[in-house]
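*Asks:* Following this line is coords18.txt, made up of compact mmCIF, C-alpha atoms:
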```txt
# COMPACT_ATOMS: atom_id res chain seq x y z
CA ASP T 1220 0.00 0.00 0.00
CA SER T 1221 1.58 3.25 -1.20
CA GLY T 1222 -0.60 5.47 0.96
CA VAL T 1223 -2.27 7.08 -2.05
CA THR T 1224 -5.85 5.82 -2.40
CA GLN T 1225 -7.77 5.93 -5.63
CA THR T 1226 -11.40 4.98 -6.08
CA PRO T 1227 -12.98 3.32 -7.88
CA LYS T 1228 -10.45 0.79 -9.19
CA HIS T 1229 -12.53 0.01 -12.24
CA LEU T 1230 -15.20 1.99 -14.02
CA ILE T 1231 -17.21 1.05 -17.10
CA THR T 1232 -19.45 3.68 -18.60
CA ALA T 1233 -21.07 4.65 -21.86
CA THR T 1234 -20.05 7.34 -24.30
CA GLY T 1235 -21.42 10.76 -23.46
CA GLN T 1236 -21.53 10.08 -19.74
CA ARG T 1237 -19.72 11.84 -16.90
CA VAL T 1238 -17.62 10.20 -14.20
CA THR T 1239 -15.69 11.32 -11.14
CA LEU T 1240 -12.42 9.75 -10.04
CA ARG T 1241 -11.30 10.28 -6.49
CA CYS T 1242 -7.84 10.43 -4.95
CA SER T 1243 -6.69 10.68 -1.34
CA PRO T 1244 -3.02 11.65 -1.13
CA ARG T 1245 -0.50 10.16 1.24
CA SER T 1246 -0.78 11.64 4.71
CA GLY T 1247 1.08 14.94 4.88
CA ASP T 1248 1.46 15.37 1.11
CA LEU T 1249 0.21 18.69 -0.20
CA SER T 1250 0.63 18.17 -3.95
CA VAL T 1251 -1.63 15.98 -6.05
CA TYR T 1252 -0.96 15.11 -9.68
CA TRP T 1253 -3.18 13.39 -12.21
CA TYR T 1254 -1.81 11.31 -15.08
CA GLN T 1255 -3.48 9.42 -17.89
CA GLN T 1256 -1.87 6.21 -19.14
CA SER T 1257 -2.93 4.79 -22.48
CA LEU T 1258 -1.29 2.37 -24.88
CA ASP T 1259 -0.81 4.91 -27.64
CA GLN T 1260 0.09 8.00 -25.58
CA GLY T 1261 1.96 6.56 -22.62
CA LEU T 1262 1.91 8.47 -19.32
CA GLN T 1263 0.55 11.95 -19.89
CA PHE T 1264 0.50 14.62 -17.20
CA LEU T 1265 -2.93 16.15 -16.82
CA ILE T 1266 -2.94 18.58 -13.90
CA GLN T 1267 -1.35 19.42 -10.55
CA TYR T 1268 -2.79 20.87 -7.38
CA TYR T 1269 -0.87 22.18 -4.42
CA ASN T 1270 -2.67 22.81 -1.14
CA GLY T 1271 -5.98 23.39 -2.90
CA GLU T 1272 -4.72 25.56 -5.74
CA GLU T 1273 -4.19 24.55 -9.36
CA ARG T 1274 -0.48 24.91 -10.11
CA ALA T 1275 0.26 23.26 -13.44
CA LYS T 1276 -1.72 22.04 -16.40
CA GLY T 1277 -0.67 19.54 -18.99
CA ASN T 1278 -2.50 17.81 -21.79
CA ILE T 1279 -5.89 18.00 -20.13
CA LEU T 1280 -8.94 18.20 -22.35
CA GLU T 1281 -11.55 20.90 -21.80
CA ARG T 1282 -14.05 18.12 -21.05
CA PHE T 1283 -11.93 17.20 -18.05
CA SER T 1284 -11.69 19.17 -14.83
CA ALA T 1285 -10.27 18.62 -11.38
CA GLN T 1286 -10.18 20.13 -7.95
CA GLN T 1287 -8.47 19.64 -4.61
CA PHE T 1288 -10.54 20.03 -1.49
CA PRO T 1289 -9.57 21.51 1.92
CA ASP T 1290 -8.90 18.00 3.27
CA LEU T 1291 -6.46 17.65 0.31
CA HIS T 1292 -8.29 14.88 -1.47
CA SER T 1293 -8.75 15.48 -5.18
CA GLU T 1294 -11.34 14.62 -7.77
CA LEU T 1295 -10.95 14.35 -11.54
CA ASN T 1296 -14.16 14.88 -13.47
CA LEU T 1297 -14.43 13.51 -16.99
CA SER T 1298 -17.48 14.50 -19.03
CA SER T 1299 -18.92 13.83 -22.49
CA LEU T 1300 -16.86 10.68 -22.49
CA GLU T 1301 -15.53 9.27 -25.73
CA LEU T 1302 -14.15 5.84 -26.55
CA GLY T 1303 -10.67 7.35 -26.68
CA ASP T 1304 -10.90 8.36 -23.04
CA SER T 1305 -10.55 4.72 -22.03
CA ALA T 1306 -7.33 4.56 -20.07
CA LEU T 1307 -5.71 4.13 -16.68
CA TYR T 1308 -5.90 7.29 -14.62
CA PHE T 1309 -3.28 7.67 -11.93
CA CYS T 1310 -3.13 10.02 -9.05
CA ALA T 1311 0.19 10.76 -7.35
CA SER T 1312 1.17 12.89 -4.41
CA SER T 1313 4.28 14.54 -3.04
CA PRO T 1314 5.08 16.46 0.11
CA GLN T 1315 6.18 19.60 -1.67
CA ARG T 1316 5.09 21.77 -4.54
CA GLY T 1317 7.55 20.24 -6.97
CA SER T 1318 8.73 16.82 -8.01
CA ASN T 1319 12.24 16.96 -6.58
CA TYR T 1320 11.86 13.82 -4.52
CA GLY T 1321 9.56 11.89 -6.81
CA TYR T 1322 5.93 11.08 -6.44
CA THR T 1323 4.00 8.35 -4.68
CA PHE T 1324 1.47 6.83 -7.04
CA GLY T 1325 -1.88 5.27 -6.35
CA SER T 1326 -2.88 2.01 -8.01
CA GLY T 1327 -5.02 3.79 -10.57
CA THR T 1328 -8.57 3.80 -11.89
CA ARG T 1329 -9.15 1.83 -15.07
CA LEU T 1330 -11.80 3.60 -17.10
CA THR T 1331 -13.50 1.77 -19.93
CA VAL T 1332 -15.85 3.74 -22.15
CA VAL T 1333 -18.18 1.57 -24.24
CA ALA A 568 11.53 21.86 -22.50
CA GLN A 569 12.81 18.71 -20.91
CA SER A 570 12.12 15.28 -22.35
CA VAL A 571 13.10 11.66 -21.92
CA THR A 572 13.82 8.98 -24.49
CA GLN A 573 13.87 5.32 -23.57
CA LEU A 574 15.63 3.18 -26.15
CA GLY A 575 13.88 -0.12 -26.69
CA SER A 576 10.23 -0.60 -25.89
CA HIS A 577 10.86 -4.28 -25.13
CA VAL A 578 13.93 -5.89 -23.59
CA SER A 579 14.29 -9.61 -22.98
CA VAL A 580 16.96 -11.20 -20.79
CA SER A 581 17.64 -14.58 -19.28
CA GLU A 582 17.41 -15.10 -15.56
CA GLY A 583 20.79 -14.26 -14.04
CA ALA A 584 21.86 -12.04 -16.93
CA LEU A 585 22.68 -8.35 -16.78
CA VAL A 586 19.76 -5.97 -17.11
CA LEU A 587 20.42 -2.71 -18.97
CA LEU A 588 17.57 -0.30 -19.68
CA ARG A 589 18.52 2.86 -21.51
CA CYS A 590 17.34 6.38 -20.83
CA ASN A 591 18.52 9.63 -22.39
CA TYR A 592 17.24 12.99 -21.30
CA SER A 593 17.06 16.45 -22.73
CA SER A 594 17.20 19.41 -20.41
CA SER A 595 18.67 22.88 -20.59
CA VAL A 596 19.50 22.86 -16.89
CA PRO A 597 20.63 20.09 -14.53
CA PRO A 598 17.68 17.79 -14.12
CA TYR A 599 16.36 15.49 -11.48
CA LEU A 600 16.01 11.97 -12.88
CA PHE A 601 13.94 9.04 -11.75
CA TRP A 602 13.26 5.41 -12.56
CA TYR A 603 9.88 3.92 -11.77
CA VAL A 604 8.67 0.33 -12.11
CA GLN A 605 5.12 -0.75 -12.88
CA TYR A 606 4.05 -4.33 -12.24
CA PRO A 607 0.93 -5.62 -13.98
CA ASN A 608 -2.26 -4.03 -12.72
CA GLN A 609 -0.40 -1.85 -10.26
CA GLY A 610 0.67 1.75 -9.92
CA LEU A 611 4.18 3.09 -10.41
CA GLN A 612 6.75 2.49 -7.71
CA LEU A 613 9.86 4.62 -7.32
CA LEU A 614 13.03 2.57 -7.92
CA LEU A 615 15.63 5.30 -7.52
CA LYS A 616 16.27 8.98 -8.08
CA TYR A 617 19.15 11.30 -8.97
CA THR A 618 18.97 14.72 -7.37
CA SER A 619 22.46 16.12 -8.05
CA ALA A 620 24.30 14.28 -5.30
CA ALA A 621 26.27 11.12 -6.18
CA THR A 622 26.19 10.25 -9.87
CA LEU A 623 25.84 6.53 -9.14
CA VAL A 624 22.50 5.97 -7.51
CA LYS A 625 21.45 2.75 -5.83
CA GLY A 626 17.80 1.83 -5.61
CA ILE A 627 15.57 -0.92 -4.42
CA ASN A 628 15.65 -4.55 -5.56
CA GLY A 629 19.34 -4.37 -6.55
CA PHE A 630 18.91 -1.78 -9.29
CA GLU A 631 21.25 1.14 -9.83
CA ALA A 632 21.67 3.94 -12.34
CA GLU A 633 24.49 6.25 -13.29
CA PHE A 634 24.02 9.88 -14.27
CA LYS A 635 26.35 10.79 -17.13
CA LYS A 636 26.08 14.45 -17.99
CA SER A 637 28.38 14.21 -21.02
CA GLU A 638 26.15 11.53 -22.52
CA THR A 639 22.87 12.96 -21.16
CA SER A 640 22.08 9.46 -19.99
CA PHE A 641 20.67 7.77 -16.92
CA HIS A 642 20.71 4.06 -17.74
CA LEU A 643 19.27 1.53 -15.29
CA THR A 644 21.20 -1.65 -14.55
CA LYS A 645 20.99 -4.76 -12.43
CA PRO A 646 23.81 -7.32 -12.41
CA SER A 647 21.59 -10.40 -12.29
CA ALA A 648 18.00 -10.52 -13.46
CA HIS A 649 15.35 -12.32 -11.47
CA MET A 650 12.02 -13.56 -12.74
CA SER A 651 10.30 -11.09 -10.43
CA ASP A 652 11.94 -8.18 -12.28
CA ALA A 653 9.58 -8.66 -15.22
CA ALA A 654 7.66 -5.39 -15.39
CA GLU A 655 7.51 -2.09 -17.23
CA TYR A 656 10.13 0.49 -16.37
CA PHE A 657 9.77 4.22 -16.81
CA CYS A 658 12.44 6.88 -16.80
CA ALA A 659 11.32 10.38 -15.81
CA VAL A 660 12.86 13.85 -15.72
CA SER A 661 12.06 16.97 -13.78
CA LEU A 662 13.65 20.35 -13.25
CA SER A 663 14.58 21.32 -9.73
CA GLY A 664 12.47 23.80 -7.85
CA GLY A 665 9.09 25.36 -8.43
CA TYR A 666 5.94 23.57 -9.45
CA ASN A 667 7.77 21.16 -11.71
CA LYS A 668 6.12 17.99 -12.89
CA LEU A 669 7.61 14.66 -13.87
CA ILE A 670 7.87 13.98 -17.58
CA PHE A 671 7.91 10.27 -18.33
CA GLY A 672 9.48 8.28 -21.11
CA ALA A 673 7.44 5.81 -23.13
CA GLY A 674 8.52 2.90 -20.96
CA THR A 675 10.47 -0.32 -21.49
CA ARG A 676 8.87 -3.67 -20.90
CA LEU A 677 11.34 -6.11 -19.41
CA ALA A 678 10.81 -9.84 -19.92
CA VAL A 679 12.91 -12.35 -17.97
CA HIS A 680 13.20 -15.89 -19.29
CA PRO A 681 14.26 -18.96 -17.32
```
Could you express the structure from this file as structure tokens?
*Replies:*
Amino acid sequence: DSGVTQTPKHLITATGQRVTLRCSPRSGDLSVYWYQQSLDQGLQFLIQYYNGEERAKGNILERFSAQQFPDLHSELNLSSLELGDSALYFCASSPQRGSNYGYTFGSGTRLTVV
Amino acid sequence: AQSVTQLGSHVSVSEGALVLLRCNYSSSVPPYLFWYVQYPNQGLQLLLKYTSAATLVKGINGFEAEFKKSETSFHLTKPSAHMSDAAEYFCAVSLSGGYNKLIFGAGTRLAVHP
């Protein structure tokens, strides 16, 4: 157990639907990062939050949004889902605002859009 | 912008043989470098990291990597492969300081044969 908790582990939904992925960072970590892992694109950085504030954005679609709550857990919202959104979504956390010491990853949420 | 190139998407070795996974980075300033391992159906686990201290870095499970600035490389090695080393390995780069994110390579899948 890495200390980063992601729920649900698996999610199957239809095109056009909206889903919410949840992440609880490791105790004491202030930064949360979201990554998408797919066969054709590899590990793509989506977005970073630090202590409740958005701090960096990567290749995140406009249909996707995220937030970090006062208790530091984070949610990634995916809407108007398309088949191509099927992927593994990872959350990671770190104690600081940057990545100097590496991240701790959760076990991921596997999203299948049918 | 920084980037990482992993040479060889698939590497196959015999049990007991040397493991060598190649990683080259591109960065305009001294980077922080990381190797992560991903076992099937699991999240990414940090193997080792280089953060501008010793150029030879030792990690978990007998792995080590050497930072070579002149070659812009950070290859991962293990003297003797074990069946349990079969997994996907990711090299990642980050700049020090600030809200820097990890940029991952495409990954190398390591197969270990008896």
*Asks:* For Leu1300 (chain T), which residue among T:Thr1331, T:Ser1326, T:Ser1221, T:Gln1315 is the nearest when counting all atoms listed in the file?
*Replies:*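 The closest residue to Leu1300 (chain T) is T:Thr1331.
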*Asks:* Closest to Gln1255 (chain T) among A:Phe671, A:Leu588, A:Glu655, A:Val679, using all atoms listed in the file?
*Replies:*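 Selected residue with least distance to Gln1255 (chain T): A:Phe671.
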*Asks:* Would you list which chain T residues are within 9 Å of chain A using all atoms listed in the file, as a PyMOL selection string?
*Replies:* chain T and resi 1221+1252+1260-1264+1267+1269+1274-1275+1309+1315-1327
*Asks:* For Ala632 (chain A), work out the shell of residues within 6 Å, counting only C-alpha atoms and skipping chain neighbours fewer than 5 positions away, then give it as a PyMOL selection string.
*Replies:* chain A and resi 623-624+642-643
*Asks:* Identify, on the basis of all atoms listed in the file, every residue whose closest approach to Leu585 (chain A) does not exceed 8 Å; exclude the query and any residue fewer than 4 positions from it along the same chain; express the result as a ChimeraX atom specification.
*Replies:* /A:580,644-648
*Asks:* Distance CA of Pro597 (chain A)-CA of Ile1266 (chain T), one decimal place?
*Replies:*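 Value for the CA of Pro597 (chain A)-CA of Ile1266 (chain T) distance: 23.6 Å.
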*Asks:* For Ser1313 (chain T), which of T:Thr1239, T:Gln1286, T:Thr1328, T:Ser1246 is the closest residue, counting only C-alpha atoms?
*Replies:*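 That would be T:Ser1246, the residue with the smallest distance to Ser1313 (chain T).
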*Asks:* Give the answer as one residue: which of T:Gly1271, T:Cys1310, T:Gln1256, T:Gln1236 has the shortest atom-to-atom distance to Ser1298 (chain T), using all atoms listed in the file?
*Replies:*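 Between T:Gly1271, T:Cys1310, T:Gln1256, T:Gln1236, the residue approaching Ser1298 (chain T) most closely is T:Gln1236.
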*Asks:* One decimal, in Å: what's the spacing between CA of Tyr606 (chain A) and CA of Thr675 (chain A)?
*Replies:*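 Distance between the two atoms: 12.0 Å.
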*Asks:* Rounded to one decimal in Å, what is the spacing between CA of Trp1253 (chain T) and CA of Glu631 (chain A)?
*Replies:*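 Between CA of Trp1253 (chain T) and CA of Glu631 (chain A) the gap works out to 27.4 Å.
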*Asks:* To box region 631-646 of chain A, take all atoms listed in the file, fit an axis-aligned box, add 5 Å on each side, and give centre and edge lengths in Å to one decimal, as lines of an AutoDock Vina configuration file.
*Replies:*
```
center_x = 23.8
center_y = 3.6
center_z = -16.2
size_x = 19.1
size_y = 31.8
size_z = 22.7
```
*Asks:* Choose the residue, out of T:Gly1235, T:Pro1314, T:Gly1277, T:Pro1227, that has the smallest atom-to-atom separation from Val1333 (chain T); count only C-alpha atoms.
*Replies:* T:Gly1235
*Asks:* Using all atoms listed in the file, pick whichever of T:Ser1305, T:Ser1243, T:Asp1220, T:Ala1311 has the shortest atom-to-atom distance to Arg1329 (chain T).
*Replies:* T:Ser1305
*Asks:* Around (-14.3, 14.6, -12.0), as given in the file, which residues come within 6 Å? Count only C-alpha atoms and list them as a list in words.
*Replies:*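 Protein and nucleic acid residues near the point are Val1238, Thr1239, Leu1240, Ser1284, Ala1285, Glu1294, Leu1295, Asn1296 and Leu1297 of chain T.
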*Asks:* Please reconstruct the missing atoms of region 600-611 of chain A (target: all heavy atoms) and return them as a PDB file, in the frame of the given file.
*Replies:*
```
ATOM      1  N   LEU A 600      16.363  13.138 -12.064  1.00  0.00           N
ATOM      2  CA  LEU A 600      16.010  11.970 -12.880  1.00  0.00           C
ATOM      3  C   LEU A 600      15.520  10.838 -11.998  1.00  0.00           C
ATOM      4  O   LEU A 600      16.009  10.656 -10.872  1.00  0.00           O
ATOM      5  CB  LEU A 600      17.231  11.517 -13.691  1.00  0.00           C
ATOM      6  CG  LEU A 600      17.686  12.510 -14.764  1.00  0.00           C
ATOM      7  CD1 LEU A 600      19.119  12.243 -15.175  1.00  0.00           C
ATOM      8  CD2 LEU A 600      16.754  12.446 -15.975  1.00  0.00           C
ATOM      9  N   PHE A 601      14.600  10.080 -12.534  1.00  0.00           N
ATOM     10  CA  PHE A 601      13.940   9.040 -11.750  1.00  0.00           C
ATOM     11  C   PHE A 601      13.736   7.794 -12.610  1.00  0.00           C
ATOM     12  O   PHE A 601      13.587   7.884 -13.830  1.00  0.00           O
ATOM     13  CB  PHE A 601      12.547   9.503 -11.272  1.00  0.00           C
ATOM     14  CG  PHE A 601      12.561  10.799 -10.509  1.00  0.00           C
ATOM     15  CD1 PHE A 601      12.582  12.016 -11.180  1.00  0.00           C
ATOM     16  CD2 PHE A 601      12.529  10.802  -9.127  1.00  0.00           C
ATOM     17  CE1 PHE A 601      12.595  13.212 -10.485  1.00  0.00           C
ATOM     18  CE2 PHE A 601      12.534  11.999  -8.427  1.00  0.00           C
ATOM     19  CZ  PHE A 601      12.567  13.195  -9.104  1.00  0.00           C
ATOM     20  N   TRP A 602      13.729   6.649 -11.959  1.00  0.00           N
ATOM     21  CA  TRP A 602      13.260   5.410 -12.560  1.00  0.00           C
ATOM     22  C   TRP A 602      12.108   4.882 -11.704  1.00  0.00           C
ATOM     23  O   TRP A 602      12.225   4.794 -10.472  1.00  0.00           O
ATOM     24  CB  TRP A 602      14.360   4.359 -12.632  1.00  0.00           C
ATOM     25  CG  TRP A 602      15.251   4.483 -13.834  1.00  0.00           C
ATOM     26  CD1 TRP A 602      16.481   5.057 -13.895  1.00  0.00           C
ATOM     27  CD2 TRP A 602      14.986   3.996 -15.156  1.00  0.00           C
ATOM     28  NE1 TRP A 602      16.986   4.958 -15.171  1.00  0.00           N
ATOM     29  CE2 TRP A 602      16.099   4.312 -15.968  1.00  0.00           C
ATOM     30  CE3 TRP A 602      13.913   3.308 -15.747  1.00  0.00           C
ATOM     31  CZ2 TRP A 602      16.167   3.979 -17.318  1.00  0.00           C
ATOM     32  CZ3 TRP A 602      13.992   2.977 -17.079  1.00  0.00           C
ATOM     33  CH2 TRP A 602      15.102   3.307 -17.859  1.00  0.00           C
ATOM     34  N   TYR A 603      11.036   4.531 -12.410  1.00  0.00           N
ATOM     35  CA  TYR A 603       9.880   3.920 -11.770  1.00  0.00           C
ATOM     36  C   TYR A 603       9.648   2.541 -12.389  1.00  0.00           C
ATOM     37  O   TYR A 603       9.962   2.314 -13.551  1.00  0.00           O
ATOM     38  CB  TYR A 603       8.622   4.763 -11.990  1.00  0.00           C
ATOM     39  CG  TYR A 603       8.500   5.953 -11.081  1.00  0.00           C
ATOM     40  CD1 TYR A 603       9.146   7.145 -11.375  1.00  0.00           C
ATOM     41  CD2 TYR A 603       7.715   5.892  -9.930  1.00  0.00           C
ATOM     42  CE1 TYR A 603       9.022   8.248 -10.536  1.00  0.00           C
ATOM     43  CE2 TYR A 603       7.578   6.992  -9.087  1.00  0.00           C
ATOM     44  CZ  TYR A 603       8.232   8.157  -9.402  1.00  0.00           C
ATOM     45  OH  TYR A 603       8.107   9.247  -8.576  1.00  0.00           O
ATOM     46  N   VAL A 604       9.047   1.645 -11.615  1.00  0.00           N
ATOM     47  CA  VAL A 604       8.670   0.330 -12.110  1.00  0.00           C
ATOM     48  C   VAL A 604       7.165   0.157 -11.938  1.00  0.00           C
ATOM     49  O   VAL A 604       6.579   0.624 -10.959  1.00  0.00           O
ATOM     50  CB  VAL A 604       9.435  -0.795 -11.373  1.00  0.00           C
ATOM     51  CG1 VAL A 604       9.158  -0.798  -9.874  1.00  0.00           C
ATOM     52  CG2 VAL A 604       9.105  -2.163 -11.969  1.00  0.00           C
ATOM     53  N   GLN A 605       6.558  -0.476 -12.942  1.00  0.00           N
ATOM     54  CA  GLN A 605       5.120  -0.750 -12.880  1.00  0.00           C
ATOM     55  C   GLN A 605       4.897  -2.241 -13.119  1.00  0.00           C
ATOM     56  O   GLN A 605       5.159  -2.744 -14.213  1.00  0.00           O
ATOM     57  CB  GLN A 605       4.362   0.069 -13.923  1.00  0.00           C
ATOM     58  CG  GLN A 605       2.852  -0.095 -13.838  1.00  0.00           C
ATOM     59  CD  GLN A 605       2.108   0.732 -14.874  1.00  0.00           C
ATOM     60  OE1 GLN A 605       2.644   1.073 -15.926  1.00  0.00           O
ATOM     61  NE2 GLN A 605       0.862   1.076 -14.576  1.00  0.00           N
ATOM     62  N   TYR A 606       4.423  -2.929 -12.096  1.00  0.00           N
ATOM     63  CA  TYR A 606       4.050  -4.330 -12.240  1.00  0.00           C
ATOM     64  C   TYR A 606       2.625  -4.405 -12.770  1.00  0.00           C
ATOM     65  O   TYR A 606       1.852  -3.450 -12.634  1.00  0.00           O
ATOM     66  CB  TYR A 606       4.179  -5.054 -10.901  1.00  0.00           C
ATOM     67  CG  TYR A 606       5.602  -5.059 -10.375  1.00  0.00           C
ATOM     68  CD1 TYR A 606       5.998  -4.186  -9.357  1.00  0.00           C
ATOM     69  CD2 TYR A 606       6.553  -5.916 -10.911  1.00  0.00           C
ATOM     70  CE1 TYR A 606       7.297  -4.166  -8.894  1.00  0.00           C
ATOM     71  CE2 TYR A 606       7.862  -5.899 -10.454  1.00  0.00           C
ATOM     72  CZ  TYR A 606       8.228  -5.025  -9.455  1.00  0.00           C
ATOM     73  OH  TYR A 606       9.523  -5.002  -9.009  1.00  0.00           O
ATOM     74  N   PRO A 607       2.266  -5.499 -13.387  1.00  0.00           N
ATOM     75  CA  PRO A 607       0.930  -5.620 -13.980  1.00  0.00           C
ATOM     76  C   PRO A 607      -0.172  -5.267 -13.007  1.00  0.00           C
ATOM     77  O   PRO A 607      -0.166  -5.685 -11.850  1.00  0.00           O
ATOM     78  CB  PRO A 607       0.875  -7.097 -14.385  1.00  0.00           C
ATOM     79  CG  PRO A 607       2.297  -7.473 -14.625  1.00  0.00           C
ATOM     80  CD  PRO A 607       3.096  -6.693 -13.620  1.00  0.00           C
ATOM     81  N   ASN A 608      -1.083  -4.437 -13.495  1.00  0.00           N
ATOM     82  CA  ASN A 608      -2.260  -4.030 -12.720  1.00  0.00           C
ATOM     83  C   ASN A 608      -1.918  -3.297 -11.434  1.00  0.00           C
ATOM     84  O   ASN A 608      -2.678  -3.350 -10.459  1.00  0.00           O
ATOM     85  CB  ASN A 608      -3.137  -5.254 -12.400  1.00  0.00           C
ATOM     86  CG  ASN A 608      -3.623  -5.942 -13.656  1.00  0.00           C
ATOM     87  OD1 ASN A 608      -4.076  -5.289 -14.589  1.00  0.00           O
ATOM     88  ND2 ASN A 608      -3.478  -7.253 -13.703  1.00  0.00           N
ATOM     89  N   GLN A 609      -0.777  -2.631 -11.437  1.00  0.00           N
ATOM     90  CA  GLN A 609      -0.400  -1.850 -10.260  1.00  0.00           C
ATOM     91  C   GLN A 609       0.013  -0.444 -10.672  1.00  0.00           C
ATOM     92  O   GLN A 609       0.167  -0.139 -11.851  1.00  0.00           O
ATOM     93  CB  GLN A 609       0.756  -2.528  -9.521  1.00  0.00           C
ATOM     94  CG  GLN A 609       0.377  -3.858  -8.892  1.00  0.00           C
ATOM     95  CD  GLN A 609       1.493  -4.400  -8.016  1.00  0.00           C
ATOM     96  OE1 GLN A 609       2.281  -3.655  -7.448  1.00  0.00           O
ATOM     97  NE2 GLN A 609       1.552  -5.725  -7.892  1.00  0.00           N
ATOM     98  N   GLY A 610       0.188   0.399  -9.682  1.00  0.00           N
ATOM     99  CA  GLY A 610       0.670   1.750  -9.920  1.00  0.00           C
ATOM    100  C   GLY A 610       2.182   1.756 -10.085  1.00  0.00           C
ATOM    101  O   GLY A 610       2.827   0.716 -10.083  1.00  0.00           O
ATOM    102  N   LEU A 611       2.726   2.945 -10.230  1.00  0.00           N
ATOM    103  CA  LEU A 611       4.180   3.090 -10.410  1.00  0.00           C
ATOM    104  C   LEU A 611       4.858   3.185  -9.048  1.00  0.00           C
ATOM    105  O   LEU A 611       4.389   3.885  -8.158  1.00  0.00           O
ATOM    106  CB  LEU A 611       4.489   4.338 -11.229  1.00  0.00           C
ATOM    107  CG  LEU A 611       4.299   4.216 -12.734  1.00  0.00           C
ATOM    108  CD1 LEU A 611       2.840   4.279 -13.109  1.00  0.00           C
ATOM    109  CD2 LEU A 611       5.081   5.313 -13.450  1.00  0.00           C
TER     110      LEU A 611
END
```
